[in-house]
Every structure is written in C-alpha cells, then in structure tokens.
Amino acid sequence: MSEKILEQIFEELKNMNNRIGGLEQRFSGLEQRFNGLEQRFGDLETGQKDLVKQVTQLETGQKDLVKQVTQLETGQKDLVKQVTQLETGQKDLVKQVKGIETELKEFRTETKTSLKVIQTGQQGTREEMTQRFKEVKHTLNHLESDIALIFQKTAQQEIELNRIKNQ
C-alpha cells in the first residue's frame, strides 16, 4: 500500500517537475520577448524624435498655409486638432512606456519570487502568474495597437499635408 502511495507521490513530483520545466521555458521565451520589446521601445523613441521634428515642420507649414490660403481654414483647424491629438497620444504613449518598464521590472522581481514558491510546491502562485501574463499581454496588445494607430495617423497627416501643399 505504501509503495503505491510512494509511486503516486513520485508521479506527482515528476509531473510537477515537468510543469516547472515548461514554466522555465515559457519564462525564457518571455524574456526574449521582453528583449524584443526593449529594442522596439528604442526604435519607438527614435521614431518619436522624428515625429517631433515632423510636428515642428507641420506647425511651420501650417503658418505658411494660413497666410497663403484663406479658403482652407476649416481644413487647417482639423489639422491642428489632429496634431494636438497626436501630441496627446505621444504623451500618453510615453507614460505607457514608462509604466510598462516599471511593470516589467516589477514583474521580473515577482517572477523570480514566484518560481521559488512554485519550487516549494505552493499552488496559488501558478494562478497569480497566469493572471500577470494575461495583464502584460493585454497591455502589450493595447500598446501595439496604439503604436499602429499613431503611425497610421502620421501617414494620413503627411498625405493631407502633401495634398494641401500641392493645391
């Protein structure tokens, strides 16, 4: 009877060891994704600097357009609103990036602690880690869609500017 119990315990320990190995692989993959995100954030900062230059050029062009074409006042007001929204979006994006960096640091610390707890056999940690992964994924999905929207609006503004300049 005790051999069966020992075999069951051994099987459970083997299963737990396999799950821990799987978690370690997932953490390695997640760390690689974090490194990719850091690279993307660096690219985003470069893009932001270029975007600031473009916004400055846009403001200069806008002043010239006001002087040259009075019929386009309505279009210029819309353009000013878009630039303001873009600047607001950039500020929000910077806040999100800083928040994500802080959250990533906190997450890494929590992950190390959670791994130690898992190794000692506590069950509640797995549920918390799963929730954290969902939160990070959700945040990253929002960030990616925000970035795509900003790039799309920037391209749209450049097209509208070119149209206005060509008229």
# chains A, B, ... in the order shown; residues from 1 in each chain; ligands from 1
call {"tool": "residues_around", "arguments": {"residues": "region 81-95 of chain A", "least_positions_apart": "4", "cutoff": "9 Å", "atoms": "only C-alpha atoms", "output": "count of residues only"}}
result
17
call {"tool": "residues_around", "arguments": {"residues": "Gly61 (chain A)", "least_positions_apart": "5", "cutoff": "10 Å", "atoms": "only C-alpha atoms", "output": "PyMOL selection string"}}
result
chain A and resi 55-56+66+161+164-165
call {"tool": "write_last_selection", "arguments": {"atoms": "N, CA and C atoms", "output": "CSV table (one decimal), in the first residue's frame"}}
result
chain,number,residue,atom,x,y,z
A,55,VAL,N,6.3,67.2,-36.5
A,55,VAL,CA,5.3,68.1,-36.0
A,55,VAL,C,5.8,69.6,-36.0
A,56,THR,N,7.0,69.8,-35.7
A,56,THR,CA,7.6,71.2,-35.8
A,56,THR,C,7.5,71.7,-37.2
A,66,VAL,N,-1.8,79.3,-43.6
A,66,VAL,CA,-2.8,80.3,-43.2
A,66,VAL,C,-2.6,81.6,-43.9
A,161,LEU,N,-1.1,66.8,-45.8
A,161,LEU,CA,-0.2,67.9,-46.0
A,161,LEU,C,0.3,68.0,-47.4
A,164,ILE,N,-2.4,69.4,-49.5
A,164,ILE,CA,-2.6,70.8,-49.3
A,164,ILE,C,-1.5,71.6,-49.9
A,165,LYS,N,-0.3,71.1,-49.8
A,165,LYS,CA,0.9,71.8,-50.5
A,165,LYS,C,0.7,71.8,-52.0
